[in-house]
Every structure is written in C-alpha cells, then in structure tokens.
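Source file upload.cif; content: mmCIF, C-alpha atoms.
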```cif
data_run
loop_
_atom_site.group_PDB
_atom_site.id
_atom_site.type_symbol
_atom_site.label_atom_id
_atom_site.label_comp_id
_atom_site.auth_asym_id
_atom_site.auth_seq_id
_atom_site.Cartn_x
_atom_site.Cartn_y
_atom_site.Cartn_z
ATOM 1 C CA MET A 1 45.332 40.838 7.546
ATOM 2 C CA GLY A 2 43.182 42.373 10.260
ATOM 3 C CA ARG A 3 40.936 45.317 9.943
ATOM 4 C CA VAL A 4 42.250 48.018 7.613
ATOM 5 C CA ASP A 5 41.393 51.512 8.817
ATOM 6 C CA MET A 6 41.846 54.993 7.373
ATOM 7 C CA GLY A 7 45.261 55.279 9.025
ATOM 8 C CA ASP A 8 46.439 52.250 7.062
ATOM 9 C CA VAL A 9 45.063 53.743 3.863
ATOM 10 C CA ALA A 10 46.820 57.045 4.612
ATOM 11 C CA VAL A 11 50.156 55.329 5.300
ATOM 12 C CA CYS A 12 49.785 53.264 2.123
ATOM 13 C CA ALA A 13 49.093 56.410 0.090
ATOM 14 C CA LEU A 14 52.114 58.185 1.565
ATOM 15 C CA ARG A 15 54.348 55.150 0.991
ATOM 16 C CA ALA A 16 53.136 54.753 -2.589
ATOM 17 C CA GLY A 17 53.508 58.423 -3.473
ATOM 18 C CA LEU A 18 56.901 58.854 -1.855
ATOM 19 C CA GLY A 19 58.195 55.533 -3.122
ATOM 20 C CA ALA A 20 57.032 56.096 -6.701
ATOM 21 C CA THR A 21 58.560 59.566 -6.734
ATOM 22 C CA LEU A 22 61.913 58.255 -5.532
ATOM 23 C CA PHE A 23 61.774 55.241 -7.846
ATOM 24 C CA ALA A 24 61.275 57.556 -10.828
ATOM 25 C CA HIS A 25 64.020 59.894 -9.625
ATOM 26 C CA GLY A 26 66.422 56.978 -9.206
ATOM 27 C CA THR A 27 65.716 55.602 -12.669
ATOM 28 C CA GLN A 28 66.529 59.025 -14.081
ATOM 29 C CA LYS A 29 69.987 58.633 -12.566
ATOM 30 C CA LEU A 30 70.503 54.994 -13.484
ATOM 31 C CA PHE A 31 68.880 54.670 -16.907
ATOM 32 C CA GLY A 32 68.106 58.171 -18.131
ATOM 33 C CA TRP A 33 64.372 57.488 -17.913
ATOM 34 C CA PHE A 34 61.908 60.370 -17.540
ATOM 35 C CA GLY A 35 64.376 62.844 -19.037
ATOM 36 C CA GLY A 36 67.225 62.003 -16.656
ATOM 37 C CA GLY A 37 70.923 62.058 -17.402
ATOM 38 C CA GLY A 38 71.562 58.344 -16.911
ATOM 39 C CA LEU A 39 74.664 57.196 -15.089
ATOM 40 C CA LYS A 40 77.089 59.115 -17.283
ATOM 41 C CA GLY A 41 75.292 62.435 -17.007
ATOM 42 C CA THR A 42 74.556 61.974 -13.319
ATOM 43 C CA ALA A 43 78.187 61.043 -12.639
ATOM 44 C CA GLN A 44 79.344 64.226 -14.349
ATOM 45 C CA GLY A 45 76.877 66.254 -12.300
ATOM 46 C CA PHE A 46 77.977 64.675 -9.031
ATOM 47 C CA HIS A 47 81.631 65.190 -9.934
ATOM 48 C CA SER A 48 81.008 68.883 -10.642
ATOM 49 C CA MET A 49 79.384 69.210 -7.191
ATOM 50 C CA GLY A 50 82.410 67.659 -5.467
ATOM 51 C CA TYR A 51 81.329 64.058 -4.994
ATOM 52 C CA ARG A 52 84.237 61.731 -5.695
ATOM 53 C CA PRO A 53 84.225 59.431 -7.476
ATOM 54 C CA GLY A 54 81.266 60.814 -9.413
ATOM 55 C CA GLY A 55 80.382 57.503 -11.069
ATOM 56 C CA ALA A 56 80.226 55.501 -7.860
ATOM 57 C CA THR A 57 78.282 58.249 -6.136
ATOM 58 C CA ALA A 58 75.777 58.382 -8.995
ATOM 59 C CA LEU A 59 75.349 54.601 -8.882
ATOM 60 C CA VAL A 60 74.805 54.533 -5.108
ATOM 61 C CA ALA A 61 72.353 57.462 -5.228
ATOM 62 C CA GLY A 62 70.448 55.936 -8.146
ATOM 63 C CA LEU A 63 70.232 52.507 -6.514
ATOM 64 C CA SER A 64 69.227 53.998 -3.149
ATOM 65 C CA GLU A 65 66.403 55.945 -4.734
ATOM 66 C CA THR A 66 65.252 53.175 -7.086
ATOM 67 C CA VAL A 67 65.430 50.227 -4.693
ATOM 68 C CA GLY A 68 64.429 52.282 -1.650
ATOM 69 C CA GLY A 69 61.508 53.761 -3.571
ATOM 70 C CA ALA A 70 60.333 50.328 -4.720
ATOM 71 C CA ALA A 71 60.590 49.011 -1.143
ATOM 72 C CA LEU A 72 58.412 51.867 0.089
ATOM 73 C CA VAL A 73 55.806 51.370 -2.641
ATOM 74 C CA LEU A 74 55.486 47.723 -1.661
ATOM 75 C CA GLY A 75 55.899 48.287 2.054
ATOM 76 C CA PHE A 76 58.541 45.555 2.021
ATOM 77 C CA GLY A 77 61.680 46.016 4.083
ATOM 78 C CA THR A 78 60.335 49.419 5.028
ATOM 79 C CA PRO A 79 63.139 50.280 7.489
ATOM 80 C CA ALA A 80 65.892 49.582 4.948
ATOM 81 C CA GLY A 81 64.031 51.213 2.058
ATOM 82 C CA GLY A 82 63.185 54.233 4.165
ATOM 83 C CA ALA A 83 66.791 54.586 5.342
ATOM 84 C CA ALA A 84 68.083 54.449 1.758
ATOM 85 C CA VAL A 85 65.656 57.192 0.751
ATOM 86 C CA ALA A 86 66.229 59.292 3.890
ATOM 87 C CA GLY A 87 69.991 59.134 3.514
ATOM 88 C CA THR A 88 69.981 60.067 -0.146
ATOM 89 C CA MET A 89 67.515 62.909 0.395
ATOM 90 C CA SER A 90 69.509 64.204 3.369
ATOM 91 C CA VAL A 91 72.627 64.418 1.202
ATOM 92 C CA ALA A 92 70.545 66.149 -1.489
ATOM 93 C CA ALA A 93 69.225 68.611 1.108
ATOM 94 C CA GLU A 94 72.794 69.412 2.183
ATOM 95 C CA MET A 95 73.745 69.902 -1.457
ATOM 96 C CA HIS A 96 70.854 72.346 -1.953
ATOM 97 C CA SER A 97 71.307 74.166 1.386
ATOM 98 C CA PRO A 98 73.504 76.985 -0.003
ATOM 99 C CA ASN A 99 70.413 78.059 -1.990
ATOM 100 C CA GLY A 100 68.340 78.539 1.143
ATOM 101 C CA PHE A 101 65.150 76.777 2.142
ATOM 102 C CA PHE A 102 62.626 77.262 -0.647
ATOM 103 C CA ASN A 103 62.546 74.989 -3.683
ATOM 104 C CA THR A 104 61.780 77.949 -5.953
ATOM 105 C CA GLU A 105 65.342 79.124 -5.311
ATOM 106 C CA GLY A 106 66.824 75.612 -5.610
ATOM 107 C CA GLY A 107 66.834 75.212 -1.832
ATOM 108 C CA LEU A 108 66.554 72.212 0.424
ATOM 109 C CA GLU A 109 62.758 72.287 0.909
ATOM 110 C CA TYR A 110 61.871 69.406 -1.441
ATOM 111 C CA PRO A 111 64.620 66.868 -0.635
ATOM 112 C CA GLY A 112 64.352 67.755 3.055
ATOM 113 C CA LEU A 113 60.635 67.015 3.099
ATOM 114 C CA LEU A 114 61.108 63.741 1.202
ATOM 115 C CA GLY A 115 63.780 62.654 3.681
ATOM 116 C CA LEU A 116 61.592 63.566 6.639
ATOM 117 C CA ALA A 117 58.667 61.622 5.165
ATOM 118 C CA ALA A 118 60.923 58.573 4.750
ATOM 119 C CA VAL A 119 62.067 58.762 8.384
ATOM 120 C CA SER A 120 58.436 59.087 9.466
ATOM 121 C CA LEU A 121 57.556 55.925 7.555
ATOM 122 C CA ILE A 122 60.426 54.064 9.175
ATOM 123 C CA ALA A 123 59.309 55.150 12.639
ATOM 124 C CA GLY A 124 55.581 54.611 12.112
ATOM 125 C CA GLY A 125 55.832 51.445 10.067
ATOM 126 C CA PRO A 126 54.308 50.454 6.739
ATOM 127 C CA GLY A 127 50.734 49.884 7.919
ATOM 128 C CA ARG A 128 48.542 46.868 7.305
ATOM 129 C CA VAL A 129 48.329 47.363 3.553
ATOM 130 C CA SER A 130 51.907 46.236 2.966
ATOM 131 C CA VAL A 131 54.038 43.237 2.130
ATOM 132 C CA ASP A 132 55.745 43.671 5.505
ATOM 133 C CA HIS A 133 52.429 43.124 7.281
ATOM 134 C CA ALA A 134 51.509 40.187 5.029
ATOM 135 C CA THR A 135 54.830 38.474 5.817
ATOM 136 C CA GLY A 136 54.598 38.960 9.564
ATOM 137 C CA HIS A 137 57.036 41.884 9.594
ATOM 138 C CA VAL A 138 60.034 39.660 8.897
ATOM 139 C CA LEU A 139 61.945 42.677 7.533
ATOM 140 C CA ASP A 140 60.236 45.270 9.727
ATOM 141 C CA ARG A 141 61.099 44.573 13.346
ATOM 142 C CA PRO A 142 61.231 47.352 15.963
ATOM 143 C CA TRP A 143 65.001 46.988 16.294
ATOM 144 C CA MET A 144 65.336 47.300 12.516
ATOM 145 C CA ARG A 145 63.400 50.570 12.599
ATOM 146 C CA ALA A 146 65.662 51.948 15.331
ATOM 147 C CA ALA A 147 68.817 50.792 13.535
ATOM 148 C CA ALA A 148 67.636 52.271 10.239
ATOM 149 C CA ILE A 149 66.942 55.674 11.765
ATOM 150 C CA ALA A 150 70.224 55.607 13.699
ATOM 151 C CA ALA A 151 72.217 54.718 10.556
ATOM 152 C CA VAL A 152 71.106 57.724 8.512
ATOM 153 C CA PRO A 153 72.976 60.595 10.263
ATOM 154 C CA PRO A 154 76.441 58.953 10.315
ATOM 155 C CA ALA A 155 76.064 57.789 6.696
ATOM 156 C CA VAL A 156 75.102 61.295 5.583
ATOM 157 C CA ALA A 157 77.928 62.817 7.631
ATOM 158 C CA LEU A 158 80.430 60.471 5.980
ATOM 159 C CA VAL A 159 79.285 61.324 2.447
ATOM 160 C CA VAL A 160 79.277 65.069 3.132
ATOM 161 C CA ALA A 161 82.687 64.926 4.859
ATOM 162 C CA ARG A 162 84.170 63.054 1.894
ATOM 163 C CA LYS A 163 82.793 65.671 -0.480
ATOM 164 C CA ARG A 164 84.170 68.538 1.584
ATOM 165 C CA LYS A 165 87.571 66.848 1.888
ATOM 166 C CA ALA A 166 87.760 66.281 -1.872
ATOM 167 C CA LEU A 167 86.811 69.890 -2.594
ATOM 168 C CA ALA A 168 89.297 71.216 -0.024
ATOM 169 C CA ALA A 169 92.083 69.084 -1.519
ATOM 170 C CA GLU A 170 91.271 70.298 -5.010
ATOM 171 C CA ASN A 171 91.047 73.930 -3.892
ATOM 172 C CA GLY A 172 94.375 73.581 -2.088
ATOM 173 C CA LYS A 173 95.984 72.150 -5.207
ATOM 174 C CA GLU A 174 94.570 74.975 -7.339
ATOM 175 C CA THR A 175 95.883 77.536 -4.840
ATOM 176 C CA GLU A 176 99.359 75.938 -4.888
ATOM 177 C CA GLU A 177 99.403 75.907 -8.696
ATOM 178 C CA GLY A 178 98.319 79.547 -8.801
ATOM 179 C CA GLN A 179 101.058 80.567 -6.376
ATOM 180 C CA GLU A 180 103.701 78.645 -8.354
ATOM 181 C CA GLY A 181 102.653 80.445 -11.527
ATOM 182 C CA GLN A 182 102.901 83.843 -9.824
ATOM 183 C CA GLY A 183 106.316 83.157 -8.332
ATOM 184 C CA GLY A 184 107.940 81.932 -11.580
#
```

Could you render the structure as structure tokens?
Amino acid sequence: MGRVDMGDVAVCALRAGLGATLFAHGTQKLFGWFGGGGLKGTAQGFHSMGYRPGGATALVAGLSETVGGAALVLGFGTPAGGAAVAGTMSVAAEMHSPNGFFNTEGGLEYPGLLGLAAVSLIAGGPGRVSVDHATGHVLDRPWMRAAAIAAVPPAVALVVARKRKALAAENGKETEEGQEGQGG
C-alpha cells in the first residue's frame, strides 16, 4: 500500500464525508430514508420544478447520488463516482441559483460546494486509503479522470436545456390557451 501520509488521511476524510452525505441524500430520493420523499415524492418535486419526466429524473438523480456517494466513500471508481456526484450537484446548483448564493436563502452555496468537492476528488485522485489504490487504479486512470471532468459540463447543460425547453413549451401552451379563452 505504500506509506500513508496526512494528505491521504485528509483525502480519505473528504471522500468519506462527501460520499456519505450524497449516499444519504440519494437514498432519500430513492427509498424515502432519512425523511426523504422516496421516488414518488421526489418525482413530483422534480416535475413541479420543470424536469420531465419527473420520475425518470428522480431515479437518475437518486442513483447518481447513491451510487456515486458509495463510490466516493470506498474510493472505488473515483472518477465515475465523482462525475455522477458533480453532475447531480451542478444541476441542483442551477436549480437553486434563482435564490442567490447563500444556503440560508435556498441558494446554490451547498450543492455548488459539494459539486466542486467532487470535481476536486476526481482531479486529485482517491489517495492511498482507497479501493482504487488497492486494486492498482484499474478504475482510476489519468484518462478516466480527464474524461470524467470533461463529461460533467455537457451532461449538466443537456439536463438544464431539457428542463428549460419543457417549461417554455408548457408556458407557450398556457399562453395560447389563455389567448383562446379571451378571444372566444
């Protein structure tokens, strides 16, 4: 395993804390654990925020957080786990952005910081106290780190664009219906 230093301990602590937080958050979405809404409640919430279809979006977000969080805790497949977490938290940050920066106002501070921490773990690697290190970095190659980081922005852009398109289509339909009612 080599000599473990304080940097490895620090990375392990960050991975474990971030991963456990996201794992718990994901299981709220998937199973309703820890006071969460489960898939049905989460799907309704996503639908009300413009994500279509709400059920599929809830499932993808819940799986990304749960599986990505578990991968970070273990330090196993760190690039993929980190990308899943970073992508989901980036979409959450966009969702919270109308409320400003600070979390006290429902802003993007918290999900933004979680996403940034995940990207940092992808870039810096899982450290020596990790399954990735123990397995010879089979799922943590330099090219995988670069690909994982590069995949996050276009994935987030696609999800956000789909949401905006769905909302625009629905708002256009509502406007048309309102105009028809006024003209009749």

Can I get the residues of stretch 80-104 of chain A within 8 Å of stretch 51-67 of chain A, each with the closest pair of atoms and their distance in Å to one decimal, using all atoms listed in the file, sorted chain first then ascending number, as JSON lines?
```
{"residue": "A:Gly81", "atom": "CA", "partner": "A:Val67", "partner_atom": "CA", "distance": 7.0}
{"residue": "A:Ala84", "atom": "CA", "partner": "A:Ser64", "partner_atom": "CA", "distance": 5.1}
{"residue": "A:Val85", "atom": "CA", "partner": "A:Glu65", "partner_atom": "CA", "distance": 5.7}
{"residue": "A:Thr88", "atom": "CA", "partner": "A:Ala61", "partner_atom": "CA", "distance": 6.2}
```

Taking the file as shown, what set of residues would the PyMOL selection byres ((chain A and resi 25) around 12) give back, as number ranges by chain? A: 18-24, 26-38, 42, 58, 61-70, 85, 88-89, 111, 114

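In terms of minimum interatomic distance to A:Leu113, A:Ala93 ranks closest within A:Ala148, A:Val138, A:Val129, A:Ala93, counting all atoms listed in the file.
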
Where is the centre and how long are the edges: axis-aligned box on stretch 45-59 of chain A, 6 Å on each side, Å to one decimal, as lines of an AutoDock Vina configuration file:
```
center_x = 79.8
center_y = 61.9
center_z = -8.6
size_x = 20.9
size_y = 26.6
size_z = 19.3
```

Quick one: which residues end up in the PyMOL selection byres ((chain A and resi 145) around 9) for this structure, as a ChimeraX atom specification? /A:78-80,83,122-125,140-144,146-150

Convert the current residue selection to file output with C-alpha atoms, as a JSON list (two decimals), in the coordinates of the input.
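This is the output file result_23.json:
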```
[["chain", "number", "residue", "atom", "x", "y", "z"],
["A", 78, "THR", "CA", 60.34, 49.42, 5.03],
["A", 79, "PRO", "CA", 63.14, 50.28, 7.49],
["A", 80, "ALA", "CA", 65.89, 49.58, 4.95],
["A", 83, "ALA", "CA", 66.79, 54.59, 5.34],
["A", 122, "ILE", "CA", 60.43, 54.06, 9.18],
["A", 123, "ALA", "CA", 59.31, 55.15, 12.64],
["A", 124, "GLY", "CA", 55.58, 54.61, 12.11],
["A", 125, "GLY", "CA", 55.83, 51.44, 10.07],
["A", 140, "ASP", "CA", 60.24, 45.27, 9.73],
["A", 141, "ARG", "CA", 61.10, 44.57, 13.35],
["A", 142, "PRO", "CA", 61.23, 47.35, 15.96],
["A", 143, "TRP", "CA", 65.00, 46.99, 16.29],
["A", 144, "MET", "CA", 65.34, 47.30, 12.52],
["A", 146, "ALA", "CA", 65.66, 51.95, 15.33],
["A", 147, "ALA", "CA", 68.82, 50.79, 13.54],
["A", 148, "ALA", "CA", 67.64, 52.27, 10.24],
["A", 149, "ILE", "CA", 66.94, 55.67, 11.76],
["A", 150, "ALA", "CA", 70.22, 55.61, 13.70]]
```

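Closest approach to A:Leu74 among A:Val156, A:Ala134, A:Val91, A:Leu116 is made by A:Ala134 (distances from only C-alpha atoms).
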
Among the residues A:Glu105, A:His47, A:Leu158, A:Gly127, the one that comes closest to A:Asp5 [using only C-alpha atoms]: A:Gly127

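For the atom pair formed by atom CA of A:Leu139 and atom CA of A:Ala92, the distance is 26.6 Å, given to one decimal.
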
For atom CA of A:Ala86 and atom CA of A:Val152, the interatomic separation in Å (one decimal): 6.9 Å

As a check of understanding, name the residues that the PyMOL selection byres ((chain A and resi 159-167) around 9) selects in the supplied structure, as a VMD selection string. chain A and resid 49 to 52 91 94 to 95 154 to 158 168 to 172

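Note that atom CA of A:Phe101 and atom CA of A:Ser120 are 20.3 Å apart.
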
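Minimum atom-to-atom distances from A:Gly41, A:Gly136, A:Pro153, A:Gly17 to A:Val73 were compared using all atoms listed in the file, and the lowest value belongs to A:Gly17.
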
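Closest approach to A:Gly115 among A:Gly75, A:Gly87, A:Gly45, A:Gly2: A:Gly87, based on all atoms listed in the file.
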
Residue among A:Cys12, A:Arg3, A:Gly100, A:Gly82 lying closest to A:Leu121, counting all atoms listed in the file: A:Gly82

Determine, for each residue of stretch 88-166 of chain A having at least one atom at most 9 Å from an atom of stretch 13-16 of chain A, the closest pair of atoms and their separation in Å to one decimal, counting all atoms listed in the file; order by chain and ascending number, as a Markdown table.
```
| residue | atom | partner | partner_atom | distance |
| --- | --- | --- | --- | --- |
| A:Ala117 | CA | A:Leu14 | CA | 8.2 |
| A:Ala118 | CA | A:Arg15 | CA | 8.3 |
| A:Leu121 | CA | A:Arg15 | CA | 7.3 |
| A:Pro126 | CA | A:Arg15 | CA | 7.4 |
```
